[in-house]
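Pasting coords16.cif here (mmCIF, C-alpha atoms):
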```
data_model
loop_
_atom_site.label_atom_id
_atom_site.label_comp_id
_atom_site.auth_asym_id
_atom_site.auth_seq_id
_atom_site.Cartn_x
_atom_site.Cartn_y
_atom_site.Cartn_z
CA MET A 1 47.37 20.56 -2.30
CA SER A 2 43.87 19.84 -3.36
CA VAL A 3 43.16 17.48 -6.17
CA VAL A 4 40.17 18.07 -8.37
CA MET A 5 38.77 14.81 -9.64
CA GLN A 6 37.40 14.86 -13.12
CA SER A 7 35.23 12.23 -14.62
CA ASN A 8 36.17 11.00 -18.07
CA GLU A 9 32.53 10.47 -18.80
CA ALA A 10 30.88 13.44 -20.46
CA VAL A 11 27.91 14.71 -18.51
CA LYS A 12 24.77 14.24 -20.55
CA PRO A 13 22.54 17.27 -20.82
CA VAL A 14 19.18 17.01 -19.12
CA TRP A 15 17.26 17.03 -22.38
CA GLU A 16 19.02 13.87 -23.44
CA TYR A 17 17.79 12.01 -20.36
CA GLU A 18 14.32 13.32 -20.99
CA LYS A 19 14.49 12.10 -24.56
CA GLN A 20 15.58 8.65 -23.39
CA SER A 21 12.83 8.53 -20.85
CA THR A 22 10.22 9.49 -23.45
CA ALA A 23 11.52 6.74 -25.71
CA ILE A 24 11.20 4.15 -22.96
CA TYR A 25 7.65 5.22 -22.21
CA SER A 26 6.72 5.09 -25.84
CA THR A 27 8.17 1.57 -26.14
CA LEU A 28 6.26 0.54 -23.06
CA ARG A 29 3.05 1.87 -24.54
CA ASP A 30 3.60 -0.25 -27.65
CA ILE A 31 4.43 -3.34 -25.64
CA LEU A 32 1.49 -2.76 -23.38
CA SER A 33 -0.88 -2.49 -26.28
CA TYR A 34 0.57 -5.72 -27.76
CA TYR A 35 0.18 -7.59 -24.50
CA ASN A 36 -3.29 -6.20 -24.01
CA GLU A 37 -4.15 -8.02 -27.22
CA VAL A 38 -2.52 -11.19 -25.93
CA TYR A 39 -4.50 -10.88 -22.74
CA SER A 40 -7.75 -10.40 -24.54
CA THR A 41 -7.27 -13.73 -26.31
CA GLN A 42 -5.28 -15.31 -23.55
CA ASN A 43 -5.67 -18.81 -22.36
CA GLY A 44 -3.53 -20.39 -19.65
CA ASN A 45 -1.02 -21.93 -22.07
CA ASN A 46 -0.37 -18.76 -24.04
CA TYR A 47 0.34 -16.89 -20.88
CA ILE A 48 2.72 -19.50 -19.47
CA LEU A 49 4.61 -19.70 -22.78
CA MET A 50 4.91 -15.94 -22.91
CA ILE A 51 6.32 -15.70 -19.39
CA LYS A 52 8.68 -18.62 -20.06
CA SER A 53 10.03 -16.98 -23.19
CA LEU A 54 10.70 -13.80 -21.30
CA THR A 55 12.46 -15.44 -18.39
CA GLN A 56 14.47 -18.15 -20.12
CA SER A 57 17.84 -16.47 -20.38
CA ASN A 58 19.96 -15.43 -17.45
CA LYS A 59 21.64 -12.70 -19.49
CA PHE A 60 20.88 -9.09 -18.72
CA ASP A 61 18.13 -8.05 -21.09
CA ARG A 62 16.61 -4.64 -20.87
CA ASN A 63 13.89 -5.38 -23.38
CA LYS A 64 12.73 -8.42 -21.51
CA ALA A 65 12.65 -6.47 -18.28
CA ALA A 66 10.58 -3.78 -19.96
CA LYS A 67 8.19 -6.36 -21.37
CA LEU A 68 7.80 -8.04 -17.99
CA LEU A 69 7.16 -4.71 -16.37
CA ALA A 70 4.56 -3.88 -19.00
CA ILE A 71 2.75 -7.14 -18.32
CA PHE A 72 2.91 -6.59 -14.61
CA LYS A 73 1.71 -3.00 -14.94
CA ASN A 74 -1.23 -4.27 -16.88
CA LYS A 75 -1.99 -6.74 -14.12
CA VAL A 76 -2.01 -4.15 -11.35
CA GLN A 77 -3.10 -1.11 -13.35
CA ASP A 78 -6.56 -0.72 -11.91
CA LEU A 79 -5.91 -2.17 -8.52
CA ILE A 80 -6.39 -0.10 -5.47
CA ILE A 81 -4.02 -2.10 -3.41
CA ASP A 82 -4.44 -2.32 0.27
CA PHE A 83 -2.59 -4.65 2.56
CA ASP A 84 -5.62 -6.54 3.73
CA GLU A 85 -7.08 -7.07 0.27
CA LYS A 86 -6.80 -10.26 -1.69
CA VAL A 87 -4.17 -10.23 -4.41
CA ASP A 88 -3.97 -12.21 -7.61
CA TYR A 89 -0.64 -11.04 -9.01
CA PHE A 90 1.60 -12.99 -6.62
CA GLU A 91 1.65 -15.87 -9.07
CA PHE A 92 3.20 -13.69 -11.76
CA LEU A 93 6.01 -12.60 -9.44
CA PHE A 94 6.59 -16.19 -8.33
CA ASP A 95 6.83 -17.15 -12.03
CA ILE A 96 9.56 -14.67 -12.82
CA ARG A 97 11.36 -14.58 -9.48
CA ASP A 98 13.91 -17.28 -10.28
CA SER A 99 14.76 -15.91 -13.69
CA GLY A 100 17.64 -13.67 -14.68
CA ALA A 101 15.17 -11.08 -15.89
CA TYR A 102 13.73 -10.54 -12.41
CA SER A 103 16.57 -8.33 -11.27
CA ASP A 104 16.19 -6.08 -14.34
CA PHE A 105 12.46 -6.06 -13.81
CA LEU A 106 12.94 -4.72 -10.27
CA VAL A 107 15.35 -2.05 -11.46
CA TYR A 108 12.89 -0.93 -14.15
CA ALA A 109 10.01 -0.93 -11.71
CA GLN A 110 11.94 1.15 -9.23
CA ARG A 111 13.08 3.64 -11.87
CA GLN A 112 9.58 4.13 -13.18
CA LYS A 113 8.15 4.69 -9.70
CA ASP A 114 4.68 3.62 -10.72
CA LEU A 115 2.86 3.62 -7.38
CA ASN A 116 0.65 0.62 -8.09
CA VAL A 117 3.55 -1.47 -9.35
CA CYS A 118 5.87 -0.53 -6.48
CA ASN A 119 3.12 -1.10 -3.93
CA ALA A 120 2.30 -4.49 -5.42
CA ILE A 121 5.92 -5.64 -5.40
CA SER A 122 6.42 -4.36 -1.84
CA ILE A 123 3.37 -6.26 -0.65
CA PHE A 124 4.66 -9.40 -2.33
CA LEU A 125 8.06 -9.00 -0.70
CA SER A 126 6.57 -8.14 2.67
CA GLN A 127 4.80 -11.50 2.74
CA ASN A 128 8.10 -13.35 2.47
CA GLU A 129 10.35 -13.92 5.44
CA TYR A 130 13.45 -11.74 5.38
CA LYS A 131 15.74 -14.75 5.17
CA ASN A 132 14.16 -15.51 1.77
CA ILE A 133 14.66 -12.01 0.39
CA GLY A 134 17.29 -11.66 -2.32
CA ALA A 135 19.87 -8.91 -2.60
CA ASP A 136 18.06 -7.34 -5.57
CA GLU A 137 14.81 -7.29 -3.67
CA GLU A 138 16.47 -5.67 -0.69
CA LYS A 139 17.97 -3.07 -3.04
CA PHE A 140 14.53 -2.41 -4.48
CA ILE A 141 13.07 -1.74 -1.03
CA LEU A 142 16.01 0.44 -0.02
CA ALA A 143 15.71 2.49 -3.21
CA MET A 144 12.06 3.13 -2.39
CA LEU A 145 12.93 4.15 1.15
CA LYS A 146 15.50 6.60 -0.20
CA SER A 147 13.18 7.93 -2.89
CA ASN A 148 11.95 10.97 -0.94
CA GLU A 149 8.43 10.15 -2.08
CA ALA A 150 6.12 9.59 0.85
CA GLN A 151 3.95 6.88 -0.70
CA LEU A 152 6.86 4.82 -2.00
CA GLN A 153 8.49 5.16 1.40
CA GLU A 154 5.34 3.97 3.16
CA PHE A 155 5.05 0.87 0.95
CA ALA A 156 8.71 0.01 1.52
CA LEU A 157 8.56 0.70 5.24
CA ALA A 158 5.59 -1.64 5.59
CA ALA A 159 7.72 -4.41 4.06
CA VAL A 160 10.66 -3.67 6.35
CA LEU A 161 8.40 -3.65 9.43
CA ASN A 162 6.84 -6.91 8.34
CA TRP A 163 10.21 -8.58 7.92
CA ASP A 164 10.87 -7.57 11.49
CA ASN A 165 14.47 -8.75 11.47
CA PHE A 166 15.71 -6.37 8.79
CA PHE A 167 19.45 -6.61 8.64
CA ASN A 168 20.98 -3.19 8.85
CA LEU A 169 19.70 -0.62 11.31
CA ASN A 170 22.40 1.85 10.29
CA LEU A 171 20.97 1.93 6.79
CA LEU A 172 17.54 2.63 8.20
CA LYS A 173 18.88 5.37 10.47
CA ALA A 174 20.06 7.24 7.39
CA ILE A 175 16.57 7.30 5.86
CA ASP A 176 14.69 10.57 5.98
CA MET A 177 10.97 9.87 5.82
CA GLN A 178 8.87 12.57 4.19
CA ASN A 179 5.86 12.00 6.39
CA LYS A 180 6.12 12.70 10.12
CA TYR A 181 4.01 9.68 11.10
CA LEU A 182 6.18 7.39 9.03
CA GLN A 183 9.30 8.94 10.53
CA GLU A 184 7.88 8.09 13.96
CA ASP A 185 7.21 4.52 12.82
CA LEU A 186 10.74 4.15 11.56
CA ILE A 187 12.28 5.57 14.75
CA GLU A 188 10.09 3.33 16.88
CA PHE A 189 11.18 0.30 14.85
CA ILE A 190 14.87 1.19 15.09
CA GLN A 191 14.58 1.77 18.84
CA SER A 192 12.80 -1.53 19.35
CA LYS A 193 15.71 -3.30 17.66
CA ALA A 194 18.55 -1.34 19.26
CA MET B 23 -18.46 12.61 21.86
CA ALA B 24 -19.04 10.19 18.97
CA PHE B 25 -16.62 9.68 16.09
CA LEU B 26 -16.63 8.08 12.67
CA VAL B 27 -13.62 5.91 11.93
CA ARG B 28 -11.97 4.77 8.72
CA LYS B 29 -8.65 3.17 7.78
CA ILE B 30 -6.14 5.38 5.98
CA VAL B 31 -2.77 5.16 4.27
CA ILE B 32 -1.13 8.13 5.89
CA SER B 33 1.28 9.05 3.07
CA ARG B 34 -1.65 9.69 0.73
CA TRP B 35 -2.66 12.69 2.79
CA PRO B 36 -0.90 16.05 3.02
CA ASP B 37 1.52 16.37 5.85
CA GLY B 38 2.55 19.26 8.11
CA GLN B 39 1.93 22.77 6.89
CA LYS B 40 0.62 21.55 3.53
CA SER B 41 -2.52 20.27 5.18
CA LEU B 42 -3.37 23.68 6.53
CA PHE B 43 -3.66 24.96 2.99
CA THR B 44 -5.55 22.00 1.58
CA THR B 45 -8.58 22.94 -0.48
CA LYS B 46 -10.70 21.04 -2.95
CA ASP B 47 -8.62 22.57 -5.73
CA ASN B 48 -5.27 21.30 -4.52
CA LEU B 49 -6.26 18.09 -2.72
CA SER B 50 -4.12 15.26 -4.05
CA ALA B 51 -5.89 13.00 -6.55
CA ASP B 52 -4.40 9.97 -4.76
CA SER B 53 -6.22 10.98 -1.60
CA ILE B 54 -9.53 10.73 -3.40
CA THR B 55 -8.97 7.93 -5.90
CA ASN B 56 -7.16 5.57 -3.53
CA GLU B 57 -8.43 6.54 -0.12
CA LEU B 58 -12.03 7.49 -0.75
CA ASN B 59 -13.12 4.88 -3.25
CA THR B 60 -16.89 4.72 -3.20
CA THR B 61 -19.40 2.02 -4.09
CA LYS B 62 -22.81 3.17 -5.28
CA ASN B 63 -21.77 6.67 -4.23
CA MET B 64 -21.36 5.50 -0.65
CA LEU B 65 -18.33 5.46 1.61
CA SER B 66 -17.97 3.09 4.53
CA TRP B 67 -17.29 4.30 8.12
CA TRP B 68 -17.57 2.92 11.64
CA ARG B 69 -19.08 4.79 14.57
CA ILE B 70 -17.62 4.80 18.07
CA GLU B 71 -19.13 6.60 21.04
CA LYS B 72 -15.78 7.73 22.42
CA LEU B 73 -12.26 7.81 21.07
CA GLU B 74 -11.02 5.25 23.61
CA ASN B 75 -13.11 2.67 21.74
CA ILE B 76 -11.19 3.07 18.50
CA GLY B 77 -9.33 -0.16 19.22
CA ASP B 78 -12.60 -2.05 18.64
CA ILE B 79 -12.69 -0.76 15.10
CA GLY B 80 -9.01 -1.60 14.67
CA ILE B 81 -9.77 -5.18 15.70
CA SER B 82 -12.65 -5.17 13.26
CA PHE B 83 -10.38 -4.16 10.35
CA VAL B 84 -7.68 -6.60 11.33
CA SER B 85 -10.22 -9.44 11.51
CA THR B 86 -10.63 -9.45 7.72
CA MET B 87 -6.95 -9.17 6.79
CA ASP B 88 -5.76 -11.65 4.18
CA LEU B 89 -2.13 -10.57 4.28
CA GLY B 90 0.25 -10.04 7.16
CA GLN B 91 0.97 -6.51 8.21
CA ARG B 92 2.52 -5.04 11.34
CA GLU B 93 0.19 -2.09 11.89
CA ILE B 94 -2.66 -0.08 10.41
CA ARG B 95 -3.72 3.53 10.88
CA LEU B 96 -7.21 4.81 11.50
CA ILE B 97 -8.61 8.30 11.35
CA ALA B 98 -11.51 9.45 13.52
CA LEU B 99 -13.69 12.40 12.54
CA PRO B 100 -16.21 13.93 14.93
CA PHE B 101 -19.58 12.37 14.11
CA GLU B 102 -21.43 15.67 14.38
CA ALA B 103 -19.05 17.41 11.97
CA VAL B 104 -19.65 14.76 9.31
CA ASP B 105 -23.36 14.44 10.03
CA SER B 106 -23.90 18.19 9.62
CA ILE B 107 -22.50 18.17 6.07
CA PHE B 108 -23.15 14.69 4.66
CA GLU B 109 -25.99 12.20 4.49
CA LEU B 110 -25.22 9.41 6.95
CA ARG B 111 -27.03 6.11 7.13
CA ASN B 112 -26.62 3.32 9.66
CA THR B 113 -25.99 0.20 7.53
CA PRO B 114 -25.04 -2.82 9.69
CA GLU B 115 -25.73 -5.15 6.76
CA SER B 116 -22.85 -3.63 4.74
CA GLY B 117 -20.23 -3.80 7.48
CA ASP B 118 -17.27 -5.93 6.39
CA THR B 119 -16.06 -7.47 9.64
CA ALA B 120 -15.85 -10.80 11.37
CA ILE B 121 -16.67 -9.28 14.75
CA SER B 122 -20.42 -9.68 15.21
CA LYS B 123 -21.00 -6.93 17.77
CA ILE B 124 -19.24 -4.29 15.63
CA LYS B 125 -21.55 -4.68 12.64
CA GLN B 126 -24.19 -2.41 14.16
CA ASN B 127 -21.61 0.42 14.21
CA HIS B 128 -21.33 0.53 10.46
CA TYR B 129 -22.36 3.70 8.66
CA ASP B 130 -22.28 4.82 5.05
CA ILE B 131 -21.94 8.37 3.87
CA CYS B 132 -24.49 8.35 1.05
CA ASN B 133 -25.16 10.19 -2.21
CA LEU B 134 -21.60 11.39 -2.60
CA SER B 135 -20.64 13.41 -5.66
CA TYR B 136 -17.23 14.59 -6.89
CA SER B 137 -17.83 17.84 -5.12
CA SER B 138 -18.93 16.41 -1.78
CA LEU B 139 -16.13 13.82 -1.91
CA GLY B 140 -13.74 16.75 -2.27
CA ASP B 141 -15.30 18.39 0.79
CA LEU B 142 -14.83 15.18 2.73
CA GLY B 143 -11.23 14.90 1.52
CA VAL B 144 -10.50 18.41 2.75
CA LEU B 145 -12.07 17.63 6.11
CA ILE B 146 -9.88 14.54 6.48
CA ALA B 147 -6.77 16.35 5.26
CA GLN B 148 -7.27 19.10 7.79
CA GLU B 149 -7.82 16.58 10.57
CA THR B 150 -4.70 14.64 9.65
CA ILE B 151 -2.67 17.76 9.99
CA LYS B 152 -4.16 19.16 13.11
CA ASN B 153 -4.47 15.72 14.60
CA ASN B 154 -7.12 17.10 16.91
CA ASN B 155 -8.13 14.86 19.78
CA ASN B 156 -5.45 12.41 18.64
CA CYS B 157 -7.71 11.47 15.78
CA ILE B 158 -5.04 9.44 13.98
CA VAL B 159 -4.47 6.18 15.75
CA LYS B 160 -2.07 3.36 15.04
CA ILE B 161 -3.26 -0.19 15.68
CA LYS B 162 -0.71 -2.94 16.27
CA VAL B 163 -1.88 -6.01 14.40
CA LYS B 164 -0.35 -8.50 16.87
CA GLU B 165 -2.25 -6.89 19.74
CA ALA B 166 -5.46 -6.88 17.72
CA ILE B 167 -5.06 -10.60 16.99
CA LYS B 168 -4.81 -11.32 20.73
CA SER B 169 -8.15 -9.55 21.20
CA ILE B 170 -9.69 -11.46 18.29
CA LYS B 171 -8.58 -14.70 19.95
CA THR B 172 -10.42 -13.73 23.14
CA LEU B 173 -13.51 -12.76 21.15
CA LEU B 174 -13.31 -16.07 19.32
CA GLU B 175 -13.29 -17.96 22.62
CA ASN B 176 -16.36 -15.97 23.66
CA GLY B 177 -18.17 -16.88 20.43
CA GLU B 178 -18.26 -13.30 19.17
CA VAL B 179 -16.46 -13.97 15.89
CA GLU B 180 -17.92 -15.13 12.59
CA ILE B 181 -15.14 -17.52 11.61
CA ASP B 182 -16.09 -17.65 7.92
CA LEU B 183 -15.54 -13.90 7.63
CA LEU B 184 -12.04 -13.93 9.12
CA GLY B 185 -9.27 -13.06 6.67
CA LYS B 186 -6.82 -15.74 5.52
CA TYR B 187 -3.90 -14.29 7.48
CA ILE B 188 -5.92 -14.04 10.67
CA LYS B 189 -7.16 -17.61 10.34
CA GLU B 190 -3.54 -18.70 10.01
CA GLN B 191 -2.47 -16.70 13.04
CA LEU B 192 -5.29 -18.14 15.11
CA GLY B 193 -4.39 -21.66 14.03
CA LEU B 194 -7.69 -22.18 12.27
CA VAL B 195 -5.94 -23.07 9.01
CA LYS B 196 -2.40 -24.11 8.22
CA ALA B 197 -0.05 -21.23 7.37
CA THR B 198 1.08 -21.23 3.74
CA ASN B 199 4.32 -19.27 4.23
#
```
As structure tokens - that is how I would like this structure written.
Amino acid sequence: MSVVMQSNEAVKPVWEYEKQSTAIYSTLRDILSYYNEVYSTQNGNNYILMIKSLTQSNKFDRNKAAKLLAIFKNKVQDLIIDFDEKVDYFEFLFDIRDSGAYSDFLVYAQRQKDLNVCNAISIFLSQNEYKNIGADEEKFILAMLKSNEAQLQEFALAAVLNWDNFFNLNLLKAIDMQNKYLQEDLIEFIQSKA
Amino acid sequence: MAFLVRKIVISRWPDGQKSLFTTKDNLSADSITNELNTTKNMLSWWRIEKLENIGDIGISFVSTMDLGQREIRLIALPFEAVDSIFELRNTPESGDTAISKIKQNHYDICNLSYSSLGDLGVLIAQETIKNNNNCIVKIKVKEAIKSIKTLLENGEVEIDLLGKYIKEQLGLVKATN
């Protein structure tokens, strides 16, 4: 006898998700414009206070995550990030890394799929040894690998290759890279570790 | 046969069948805005006389790396193909590398416009797909660093121009990580 499982949760129509997403973007625009103002008059102390206020609590806070992401977006907005270029946003990520808001920040960043932001975070993570990578950071990289978007996958793969001793080859084996060269890279990496 | 070489991020270029149908009209904006960023309407390239020498250019790119990375990819376009369409100028003074002998291989494609940049993008896109003459080459950074070490011992490296990461790997400065 087959059993049909039914979720108690009502399935939201697509338009509702779209509406939510539009609302988030509009909020981000407002926040961004506010922080642009802060930046234009920023001195070192203002900036440090602002980051501290956003990262003080360890409670889950969607608004704080959105604000942090907006600041970060602003920082990397016009960057054409390449691995061998100098970077000046590492400090920001170091500042927020130990806070409770960091995990939410990563989730927001990954959901938004902004290429500059995701690339910047991946580069930051790739420069850390794997033993120092947190579970949320690993999740962030895995989500990018599973995203089916070639550029996000390339950024994430570069981090995994850099870590060298990435934990779970079975997880990597399940990844389907959109670009044939990247697929070759991934296979080569898995084979070298097998 | 001579080639012009440049570093690329492979995922920013069309893959497989898509590349065959790449035109200026449908070329991805990321390919142009991220991969072909010009300065004074010029785009930097490196000339090699034969494809086997592409490793020299790989070493040259690696020499200026500030951050650790496992590998980089280069694309090589036939020199004649580029020279017949674009204005090329040999510009050793603009070559960003720590390897002294490579500087003379530096070329700029000059006087680029939106339209000609599109033409160049299409040329690269088509090459990435066809991969003629194995024109996409992967350079292993660790191997490149070994070569830089040898060049350093032979006095062929401008130490001041080495990237932070490379200096660390060569033991010229203390690693920060």
Contacts from chain A to chain B, 9 Å maximum, only C-alpha atoms: show me the residue list as a short mmCIF file (atom, residue, chain, number, x, y, z; two decimals) with C-alpha atoms, in the frame of the given file.
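Saved file result-v4.cif follows:
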```cif
data_model
loop_
_atom_site.label_atom_id
_atom_site.label_comp_id
_atom_site.auth_asym_id
_atom_site.auth_seq_id
_atom_site.Cartn_x
_atom_site.Cartn_y
_atom_site.Cartn_z
CA ILE A 80 -6.39 -0.10 -5.47
CA ILE A 81 -4.02 -2.10 -3.41
CA ASP A 82 -4.44 -2.32 0.27
CA PHE A 83 -2.59 -4.65 2.56
CA ASP A 84 -5.62 -6.54 3.73
CA GLU A 85 -7.08 -7.07 0.27
CA LYS A 86 -6.80 -10.26 -1.69
CA VAL A 87 -4.17 -10.23 -4.41
CA ILE A 123 3.37 -6.26 -0.65
CA SER A 126 6.57 -8.14 2.67
CA GLN A 127 4.80 -11.50 2.74
CA ASN A 128 8.10 -13.35 2.47
CA GLU A 129 10.35 -13.92 5.44
CA GLU A 149 8.43 10.15 -2.08
CA ALA A 150 6.12 9.59 0.85
CA GLN A 151 3.95 6.88 -0.70
CA LEU A 152 6.86 4.82 -2.00
CA GLN A 153 8.49 5.16 1.40
CA GLU A 154 5.34 3.97 3.16
CA ALA A 158 5.59 -1.64 5.59
CA ALA A 159 7.72 -4.41 4.06
CA LEU A 161 8.40 -3.65 9.43
CA ASN A 162 6.84 -6.91 8.34
CA ASP A 164 10.87 -7.57 11.49
CA GLN A 178 8.87 12.57 4.19
CA ASN A 179 5.86 12.00 6.39
CA LYS A 180 6.12 12.70 10.12
CA TYR A 181 4.01 9.68 11.10
CA LEU A 182 6.18 7.39 9.03
#
```
Can you work out which one of B:Ala197, B:Ile81, B:Leu65, B:Leu99 has the shortest atom-to-atom distance to Ile131 (chain B), counting all atoms listed in the file?
B:Leu65
Region 98-107 of chain B, all listed atoms, 5 Å padding on each side: what axis-aligned box centre and edge lengths in Å to one decimal come out, as JSON?
```
{"center_x": -17.7, "center_y": 13.8, "center_z": 10.5, "size_x": 22.4, "size_y": 18.7, "size_z": 18.9}
```
Evaluate the PyMOL selection byres ((chain B and resi 133) around 9) against this structure - the residues, as an MDAnalysis selection string, please.
chainID B and resid 62:64 108:109 131:132 134:135 138
Compile the contact shell of Ala156 (chain A) as JSON, numbers by chain: residues with an atom at most 8 Å away, counting only C-alpha atoms, same-chain residues fewer than 3 positions apart removed.
{"A": [119, 122, 141, 142, 144, 145, 152, 153, 159, 160]}
Residues as selected, C-alpha atoms, written as a PDB file, in the coordinates of the input, can you do that?
```pdb
ATOM      1  CA  ASN A 119       3.120  -1.100  -3.930  1.00  0.00           C
ATOM      2  CA  SER A 122       6.420  -4.360  -1.840  1.00  0.00           C
ATOM      3  CA  ILE A 141      13.070  -1.740  -1.030  1.00  0.00           C
ATOM      4  CA  LEU A 142      16.010   0.440  -0.020  1.00  0.00           C
ATOM      5  CA  MET A 144      12.060   3.130  -2.390  1.00  0.00           C
ATOM      6  CA  LEU A 145      12.930   4.150   1.150  1.00  0.00           C
ATOM      7  CA  LEU A 152       6.860   4.820  -2.000  1.00  0.00           C
ATOM      8  CA  GLN A 153       8.490   5.160   1.400  1.00  0.00           C
ATOM      9  CA  ALA A 159       7.720  -4.410   4.060  1.00  0.00           C
ATOM     10  CA  VAL A 160      10.660  -3.670   6.350  1.00  0.00           C
TER      11      VAL A 160
END
```
Under the rule that only C-alpha atoms are counted, which of B:Ile97, B:Ile70, B:Ile79, B:Ile170 is the nearest residue to Glu149 (chain B)?
B:Ile97
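The residues caught by the PyMOL selection byres ((chain B and resi 121) around 9) in this file are Ile81, Ser82, Ser85, Thr119, Ala120, Ser122, Lys123, Ile124, Lys125, Ile170, Leu173, Leu174, Glu178, Val179, Glu180, Ile181, Leu183 and Leu184 of chain B.
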Next, dump the selected residues to file, keeping only C-alpha atoms, as a compact mmCIF listing (two decimals), in the coordinates of the input.
```txt
# COMPACT_ATOMS: atom_id res chain seq x y z
CA ILE B 81 -9.77 -5.18 15.70
CA SER B 82 -12.65 -5.17 13.26
CA SER B 85 -10.22 -9.44 11.51
CA THR B 119 -16.06 -7.47 9.64
CA ALA B 120 -15.85 -10.80 11.37
CA SER B 122 -20.42 -9.68 15.21
CA LYS B 123 -21.00 -6.93 17.77
CA ILE B 124 -19.24 -4.29 15.63
CA LYS B 125 -21.55 -4.68 12.64
CA ILE B 170 -9.69 -11.46 18.29
CA LEU B 173 -13.51 -12.76 21.15
CA LEU B 174 -13.31 -16.07 19.32
CA GLU B 178 -18.26 -13.30 19.17
CA VAL B 179 -16.46 -13.97 15.89
CA GLU B 180 -17.92 -15.13 12.59
CA ILE B 181 -15.14 -17.52 11.61
CA LEU B 183 -15.54 -13.90 7.63
CA LEU B 184 -12.04 -13.93 9.12
```
Would it be fine to have region 72-87 of chain A, with N, CA and C atoms, given as a compact mmCIF listing (two decimals), in the first residue's frame?
```
# COMPACT_ATOMS: atom_id res chain seq x y z
N PHE A 72 28.46 45.40 2.88
CA PHE A 72 29.47 44.63 2.17
C PHE A 72 29.34 44.80 0.66
N LYS A 73 28.08 44.78 0.20
CA LYS A 73 27.83 44.99 -1.23
C LYS A 73 28.43 46.30 -1.69
N ASN A 74 28.22 47.30 -0.86
CA ASN A 74 28.74 48.61 -1.18
C ASN A 74 30.26 48.58 -1.29
N LYS A 75 30.87 47.80 -0.42
CA LYS A 75 32.34 47.71 -0.41
C LYS A 75 32.87 47.05 -1.68
N VAL A 76 32.14 46.05 -2.19
CA VAL A 76 32.69 45.29 -3.31
C VAL A 76 31.98 45.60 -4.63
N GLN A 77 31.07 46.56 -4.58
CA GLN A 77 30.20 46.84 -5.72
C GLN A 77 30.95 47.02 -7.05
N ASP A 78 31.98 47.83 -7.01
CA ASP A 78 32.65 48.16 -8.27
C ASP A 78 33.95 47.39 -8.47
N LEU A 79 34.11 46.39 -7.64
CA LEU A 79 35.37 45.64 -7.76
C LEU A 79 35.27 44.64 -8.89
N ILE A 80 36.32 44.57 -9.66
CA ILE A 80 36.44 43.44 -10.57
C ILE A 80 37.44 42.54 -9.89
N ILE A 81 36.90 41.54 -9.24
CA ILE A 81 37.74 40.76 -8.35
C ILE A 81 38.45 39.65 -9.10
N ASP A 82 39.71 39.61 -8.89
CA ASP A 82 40.49 38.54 -9.47
C ASP A 82 41.35 38.00 -8.35
N PHE A 83 41.71 36.75 -8.43
CA PHE A 83 42.39 36.13 -7.31
C PHE A 83 43.74 36.74 -7.01
N ASP A 84 44.39 37.28 -8.02
CA ASP A 84 45.73 37.78 -7.72
C ASP A 84 45.74 39.28 -7.44
N GLU A 85 44.55 39.86 -7.35
CA GLU A 85 44.50 41.29 -7.04
C GLU A 85 44.46 41.55 -5.54
N LYS A 86 44.93 42.73 -5.18
CA LYS A 86 44.88 43.08 -3.77
C LYS A 86 43.42 43.29 -3.35
N VAL A 87 43.13 42.98 -2.09
CA VAL A 87 41.77 43.14 -1.62
C VAL A 87 41.75 43.98 -0.34
```
